[in-house]
Amino acid sequence: MNISNQTKIALAALLLGVGALSFGSIFVRLSEAEISPNATVFNRLWLASTIFGLWNGYKAISGQFSPDKPVEQQSYTSQDFLLLIGAGTCWAATLAFLAWSLTQTHVAISSVLHNLAPIFTSLGAWLLFRHGFESKFLLGMAIAFGGTITIEFEELQTSTNEVTGSFAAIVSAIFFGAYLLTVEKLRTKFSLEIIQLWICGMAAVVILPILLLTQDRIFPSSANGWLWVISQAAICQVLGHGLLTYSLARFSSVVVSLVHLLEPIFSAIFAFFIFSEQLSFFNFMGFAIVLIGLYLAISSQVADKSKLQNSFNTIFVKNLLKI
């Protein structure tokens with residue numbers, strides 16, 4: 001398979017982004033002594049939006065004084081506003097339903113059902129944009145999903161099935177798929193920092209009423225508490241989702257959602273070194289199965305990305321005009 005340098009860079013960025021996202025569960029665990037998961041998410045979002053806001057401001061100021069880097073005059077249409085608001089709302093819903101799921105059912109069940117996101121992303125790409133998939137890709141996706149189940153196999157055997165928590169995890173997967181599809185469309189026009197500024201700001205606005213209704217403590221009360229939420233904002237949201245957004249200029253949202261299946265693998269490895277959590281035979285076997293599935297799926301999609309992107313915009317506009 002011939003892979004261009006740009007594709008290699010995008011793939012490296014995607015893997016690094018997923019690796020950064022894998023610290024999310026660790027930071028939530030470290031901060032849960034002071035604030036709830038929803039409060040951690042809110043702080044992650046408003047802090048990240050501040051960072052992206054400063055980033056955009058720096059680019060604007062430096063562009064004004066640099067003849068080689070003129071300030072980019074970005075025009076917004078009503079469609080752009082709808083997509084930006086929609087992406088932020090979908091991301092807030094993803095985090096809120098996932099956090100709710102973790103309070104209603106076992107972590108293993110929530111993790112497996114949330115990892116159904118590639119299925120919903122693929123379904124959305126097929127329904128909205130008529131994106132077809134080769135049998136090799138579908139086989140790879142099935143193998144990768146089977147690997148995630150294998151990783152959690154031992155915990156699933158001892159888990160009790162809570163319907164509410166399972167439903168919330170599935171809904172979080174649906175919203176995550178919608179989030180990736182929307183960001184992929186936005187990436188054809190906007191830079192990653194503009195997209196993430198809107199997403200983080202909008203998602204924080206959506207999460208805040210949930211905190212007020214549940215009367216959760218909003219802010220940490222110690223320096224350590226602030227360290228964990230700042231780390232989550234900088235590492236998970238700014239670095240992690242920033243790199244995922246960057247990679248969507250080269251890969252389809254379906255491929256990105258599949259590579260996101262590596263997150264539990266990275267999380268398990270990091271937890272082994274940080275919390276001394278042991279890895280079982282099923283964990284290692286699941287890791288290998290996921291990697292095999294991802295290789296099959298991604299190798300069938302990389303060559304088609306340019307053709308997909310050309311048809312993406314045309315079909316999107318046609319579907320929008322029908323609404």
# chains A, B, ... in the order shown; residues from 1 in each chain; ligands from 1
$ select_by_dssp --residues "region 152-275 of chain A" --states "alpha helix (DSSP H)" --output "PyMOL selection string"
chain A and resi 153-157+163-186+192-214+223-231+242-247+253-259+263-275
$ residues_around --residues "Ser221 (chain A)" --least-positions-apart "2" --cutoff "7 Å" --atoms "only C-alpha atoms" --output "list in words"
Glu34, Phe219 and Gly225 of chain A
$ write_last_selection --atoms "C-alpha atoms" --output "PDB file, in the first residue's frame"
ATOM      1  CA  GLU A  34     -13.409  16.496  44.781  1.00  0.00           C
ATOM      2  CA  PHE A 219     -14.943  23.747  40.677  1.00  0.00           C
ATOM      3  CA  GLY A 225      -7.879  19.086  41.855  1.00  0.00           C
TER       4      GLY A 225
END
$ atom_distance --atom1 "CA of Leu197 (chain A)" --atom2 "CA of Gly57 (chain A)"
11.2 Å
$ residues_around --residues "region 214-217 of chain A" --least-positions-apart "5" --cutoff "9 Å" --atoms "only C-alpha atoms" --output "list in words"
Glu34, Ile35, Ser36, Asn38, Ala39 and Pro209 of chain A
$ closest_atom_pairs --of "region 107-211 of chain A" --to "region 248-265 of chain A" --cutoff "9 Å" --atoms "only C-alpha atoms" --output "Markdown table"
| residue | atom | partner | partner_atom | distance |
| --- | --- | --- | --- | --- |
| A:Ser111 | CA | A:Pro264 | CA | 8.1 |
| A:Asn115 | CA | A:Leu261 | CA | 6.6 |
| A:Ala117 | CA | A:Ser257 | CA | 6.6 |
| A:Pro118 | CA | A:Ser257 | CA | 5.1 |
| A:Ile119 | CA | A:Val254 | CA | 8.4 |
| A:Phe120 | CA | A:Val254 | CA | 8.9 |
| A:Thr121 | CA | A:Val254 | CA | 5.6 |
| A:Ser122 | CA | A:Val254 | CA | 5.6 |
| A:Ala125 | CA | A:Val254 | CA | 7.7 |
| A:Met141 | CA | A:Leu258 | CA | 7.1 |
| A:Ala144 | CA | A:Leu261 | CA | 7.5 |
| A:Phe145 | CA | A:Leu261 | CA | 7.7 |
| A:Thr148 | CA | A:Leu261 | CA | 7.2 |
| A:Ile151 | CA | A:Ile265 | CA | 8.1 |
| A:Phe176 | CA | A:Ser257 | CA | 8.5 |
| A:Gly177 | CA | A:Ser257 | CA | 7.3 |
| A:Leu180 | CA | A:Ser253 | CA | 5.3 |
| A:Leu181 | CA | A:Ser253 | CA | 5.6 |
| A:Thr182 | CA | A:Ser253 | CA | 8.7 |
| A:Val183 | CA | A:Leu248 | CA | 7.6 |
| A:Glu184 | CA | A:Leu248 | CA | 5.5 |
| A:Lys185 | CA | A:Leu248 | CA | 8.8 |
| A:Arg187 | CA | A:Ala249 | CA | 5.9 |
| A:Thr188 | CA | A:Ala249 | CA | 6.8 |
$ closest_residue --among "A:Tyr246, A:Phe287, A:Phe282, A:Trp46" --to "Ile194 (chain A)" --atoms "only C-alpha atoms"
A:Tyr246
$ decode --residues "region 9-52 of chain A" --atoms "N, CA and C atoms" --output "PDB file, in the first residue's frame"
ATOM      1  N   ILE A   9       1.715  11.626   8.199  1.00  0.00           N
ATOM      2  CA  ILE A   9       1.660  12.646   9.257  1.00  0.00           C
ATOM      3  C   ILE A   9       0.288  12.648   9.921  1.00  0.00           C
ATOM      4  N   ALA A  10      -0.769  12.571   9.091  1.00  0.00           N
ATOM      5  CA  ALA A  10      -2.126  12.559   9.629  1.00  0.00           C
ATOM      6  C   ALA A  10      -2.365  11.325  10.488  1.00  0.00           C
ATOM      7  N   LEU A  11      -1.838  10.173  10.060  1.00  0.00           N
ATOM      8  CA  LEU A  11      -2.003   8.946  10.833  1.00  0.00           C
ATOM      9  C   LEU A  11      -1.255   9.036  12.161  1.00  0.00           C
ATOM     10  N   ALA A  12      -0.042   9.603  12.124  1.00  0.00           N
ATOM     11  CA  ALA A  12       0.719   9.788  13.366  1.00  0.00           C
ATOM     12  C   ALA A  12      -0.021  10.728  14.313  1.00  0.00           C
ATOM     13  N   ALA A  13      -0.598  11.802  13.749  1.00  0.00           N
ATOM     14  CA  ALA A  13      -1.371  12.744  14.566  1.00  0.00           C
ATOM     15  C   ALA A  13      -2.590  12.070  15.170  1.00  0.00           C
ATOM     16  N   LEU A  14      -3.253  11.226  14.380  1.00  0.00           N
ATOM     17  CA  LEU A  14      -4.440  10.525  14.862  1.00  0.00           C
ATOM     18  C   LEU A  14      -4.094   9.581  16.007  1.00  0.00           C
ATOM     19  N   LEU A  15      -3.012   8.824  15.859  1.00  0.00           N
ATOM     20  CA  LEU A  15      -2.596   7.890  16.913  1.00  0.00           C
ATOM     21  C   LEU A  15      -2.178   8.643  18.175  1.00  0.00           C
ATOM     22  N   LEU A  16      -1.452   9.748  18.001  1.00  0.00           N
ATOM     23  CA  LEU A  16      -1.046  10.555  19.155  1.00  0.00           C
ATOM     24  C   LEU A  16      -2.271  11.159  19.831  1.00  0.00           C
ATOM     25  N   GLY A  17      -3.255  11.585  19.023  1.00  0.00           N
ATOM     26  CA  GLY A  17      -4.475  12.142  19.585  1.00  0.00           C
ATOM     27  C   GLY A  17      -5.245  11.128  20.407  1.00  0.00           C
ATOM     28  N   VAL A  18      -5.375   9.902  19.896  1.00  0.00           N
ATOM     29  CA  VAL A  18      -6.066   8.852  20.648  1.00  0.00           C
ATOM     30  C   VAL A  18      -5.301   8.517  21.925  1.00  0.00           C
ATOM     31  N   GLY A  19      -3.960   8.520  21.824  1.00  0.00           N
ATOM     32  CA  GLY A  19      -3.156   8.294  23.015  1.00  0.00           C
ATOM     33  C   GLY A  19      -3.395   9.354  24.076  1.00  0.00           C
ATOM     34  N   ALA A  20      -3.498  10.618  23.656  1.00  0.00           N
ATOM     35  CA  ALA A  20      -3.782  11.703  24.604  1.00  0.00           C
ATOM     36  C   ALA A  20      -5.167  11.553  25.219  1.00  0.00           C
ATOM     37  N   LEU A  21      -6.145  11.146  24.408  1.00  0.00           N
ATOM     38  CA  LEU A  21      -7.505  10.955  24.916  1.00  0.00           C
ATOM     39  C   LEU A  21      -7.573   9.841  25.953  1.00  0.00           C
ATOM     40  N   SER A  22      -6.659   8.889  25.865  1.00  0.00           N
ATOM     41  CA  SER A  22      -6.676   7.744  26.774  1.00  0.00           C
ATOM     42  C   SER A  22      -6.407   8.135  28.220  1.00  0.00           C
ATOM     43  N   PHE A  23      -5.847   9.304  28.434  1.00  0.00           N
ATOM     44  CA  PHE A  23      -5.619   9.776  29.797  1.00  0.00           C
ATOM     45  C   PHE A  23      -6.898  10.296  30.448  1.00  0.00           C
ATOM     46  N   GLY A  24      -7.984  10.428  29.663  1.00  0.00           N
ATOM     47  CA  GLY A  24      -9.218  10.998  30.181  1.00  0.00           C
ATOM     48  C   GLY A  24      -9.748  10.269  31.391  1.00  0.00           C
ATOM     49  N   SER A  25      -9.887   8.940  31.306  1.00  0.00           N
ATOM     50  CA  SER A  25     -10.429   8.166  32.422  1.00  0.00           C
ATOM     51  C   SER A  25      -9.523   8.243  33.646  1.00  0.00           C
ATOM     52  N   ILE A  26      -8.211   8.355  33.408  1.00  0.00           N
ATOM     53  CA  ILE A  26      -7.261   8.455  34.520  1.00  0.00           C
ATOM     54  C   ILE A  26      -7.429   9.784  35.250  1.00  0.00           C
ATOM     55  N   PHE A  27      -7.565  10.880  34.489  1.00  0.00           N
ATOM     56  CA  PHE A  27      -7.746  12.188  35.112  1.00  0.00           C
ATOM     57  C   PHE A  27      -9.087  12.275  35.843  1.00  0.00           C
ATOM     58  N   VAL A  28     -10.136  11.644  35.276  1.00  0.00           N
ATOM     59  CA  VAL A  28     -11.440  11.635  35.947  1.00  0.00           C
ATOM     60  C   VAL A  28     -11.324  10.909  37.283  1.00  0.00           C
ATOM     61  N   ARG A  29     -10.618   9.772  37.287  1.00  0.00           N
ATOM     62  CA  ARG A  29     -10.449   9.016  38.530  1.00  0.00           C
ATOM     63  C   ARG A  29      -9.678   9.825  39.571  1.00  0.00           C
ATOM     64  N   LEU A  30      -8.659  10.559  39.123  1.00  0.00           N
ATOM     65  CA  LEU A  30      -7.853  11.350  40.051  1.00  0.00           C
ATOM     66  C   LEU A  30      -8.617  12.550  40.604  1.00  0.00           C
ATOM     67  N   SER A  31      -9.567  13.075  39.814  1.00  0.00           N
ATOM     68  CA  SER A  31     -10.292  14.275  40.248  1.00  0.00           C
ATOM     69  C   SER A  31     -11.620  13.961  40.935  1.00  0.00           C
ATOM     70  N   GLU A  32     -12.074  12.691  40.913  1.00  0.00           N
ATOM     71  CA  GLU A  32     -13.402  12.364  41.425  1.00  0.00           C
ATOM     72  C   GLU A  32     -13.502  12.489  42.942  1.00  0.00           C
ATOM     73  N   ALA A  33     -12.369  12.635  43.635  1.00  0.00           N
ATOM     74  CA  ALA A  33     -12.419  12.830  45.083  1.00  0.00           C
ATOM     75  C   ALA A  33     -12.998  14.192  45.439  1.00  0.00           C
ATOM     76  N   GLU A  34     -12.942  15.138  44.492  1.00  0.00           N
ATOM     77  CA  GLU A  34     -13.409  16.496  44.781  1.00  0.00           C
ATOM     78  C   GLU A  34     -14.663  16.884  43.998  1.00  0.00           C
ATOM     79  N   ILE A  35     -14.742  16.481  42.741  1.00  0.00           N
ATOM     80  CA  ILE A  35     -15.881  16.883  41.913  1.00  0.00           C
ATOM     81  C   ILE A  35     -16.402  15.686  41.128  1.00  0.00           C
ATOM     82  N   SER A  36     -17.630  15.807  40.639  1.00  0.00           N
ATOM     83  CA  SER A  36     -18.272  14.728  39.891  1.00  0.00           C
ATOM     84  C   SER A  36     -17.700  14.652  38.470  1.00  0.00           C
ATOM     85  N   PRO A  37     -17.943  13.516  37.775  1.00  0.00           N
ATOM     86  CA  PRO A  37     -17.481  13.420  36.377  1.00  0.00           C
ATOM     87  C   PRO A  37     -18.029  14.537  35.492  1.00  0.00           C
ATOM     88  N   ASN A  38     -19.302  14.919  35.681  1.00  0.00           N
ATOM     89  CA  ASN A  38     -19.876  16.000  34.873  1.00  0.00           C
ATOM     90  C   ASN A  38     -19.173  17.328  35.142  1.00  0.00           C
ATOM     91  N   ALA A  39     -18.811  17.577  36.403  1.00  0.00           N
ATOM     92  CA  ALA A  39     -18.089  18.807  36.735  1.00  0.00           C
ATOM     93  C   ALA A  39     -16.695  18.789  36.117  1.00  0.00           C
ATOM     94  N   THR A  40     -16.065  17.610  36.114  1.00  0.00           N
ATOM     95  CA  THR A  40     -14.758  17.479  35.467  1.00  0.00           C
ATOM     96  C   THR A  40     -14.860  17.789  33.981  1.00  0.00           C
ATOM     97  N   VAL A  41     -15.923  17.281  33.352  1.00  0.00           N
ATOM     98  CA  VAL A  41     -16.146  17.536  31.923  1.00  0.00           C
ATOM     99  C   VAL A  41     -16.347  19.026  31.677  1.00  0.00           C
ATOM    100  N   PHE A  42     -17.155  19.688  32.516  1.00  0.00           N
ATOM    101  CA  PHE A  42     -17.412  21.114  32.339  1.00  0.00           C
ATOM    102  C   PHE A  42     -16.118  21.922  32.430  1.00  0.00           C
ATOM    103  N   ASN A  43     -15.304  21.626  33.450  1.00  0.00           N
ATOM    104  CA  ASN A  43     -14.031  22.343  33.592  1.00  0.00           C
ATOM    105  C   ASN A  43     -13.103  22.061  32.428  1.00  0.00           C
ATOM    106  N   ARG A  44     -13.110  20.821  31.960  1.00  0.00           N
ATOM    107  CA  ARG A  44     -12.312  20.471  30.780  1.00  0.00           C
ATOM    108  C   ARG A  44     -12.716  21.325  29.588  1.00  0.00           C
ATOM    109  N   LEU A  45     -14.012  21.533  29.409  1.00  0.00           N
ATOM    110  CA  LEU A  45     -14.508  22.243  28.234  1.00  0.00           C
ATOM    111  C   LEU A  45     -14.231  23.742  28.293  1.00  0.00           C
ATOM    112  N   TRP A  46     -14.530  24.380  29.458  1.00  0.00           N
ATOM    113  CA  TRP A  46     -14.344  25.832  29.495  1.00  0.00           C
ATOM    114  C   TRP A  46     -12.857  26.196  29.506  1.00  0.00           C
ATOM    115  N   LEU A  47     -12.036  25.355  30.128  1.00  0.00           N
ATOM    116  CA  LEU A  47     -10.602  25.616  30.095  1.00  0.00           C
ATOM    117  C   LEU A  47     -10.041  25.434  28.682  1.00  0.00           C
ATOM    118  N   ALA A  48     -10.500  24.392  27.994  1.00  0.00           N
ATOM    119  CA  ALA A  48     -10.039  24.162  26.621  1.00  0.00           C
ATOM    120  C   ALA A  48     -10.494  25.273  25.694  1.00  0.00           C
ATOM    121  N   SER A  49     -11.736  25.757  25.879  1.00  0.00           N
ATOM    122  CA  SER A  49     -12.213  26.852  25.029  1.00  0.00           C
ATOM    123  C   SER A  49     -11.387  28.112  25.264  1.00  0.00           C
ATOM    124  N   THR A  50     -10.930  28.315  26.493  1.00  0.00           N
ATOM    125  CA  THR A  50     -10.053  29.455  26.788  1.00  0.00           C
ATOM    126  C   THR A  50      -8.726  29.323  26.050  1.00  0.00           C
ATOM    127  N   ILE A  51      -8.162  28.109  26.062  1.00  0.00           N
ATOM    128  CA  ILE A  51      -6.887  27.871  25.378  1.00  0.00           C
ATOM    129  C   ILE A  51      -7.042  28.086  23.876  1.00  0.00           C
ATOM    130  N   PHE A  52      -8.119  27.523  23.296  1.00  0.00           N
ATOM    131  CA  PHE A  52      -8.335  27.697  21.860  1.00  0.00           C
ATOM    132  C   PHE A  52      -8.629  29.155  21.520  1.00  0.00           C
TER     133      PHE A  52
END
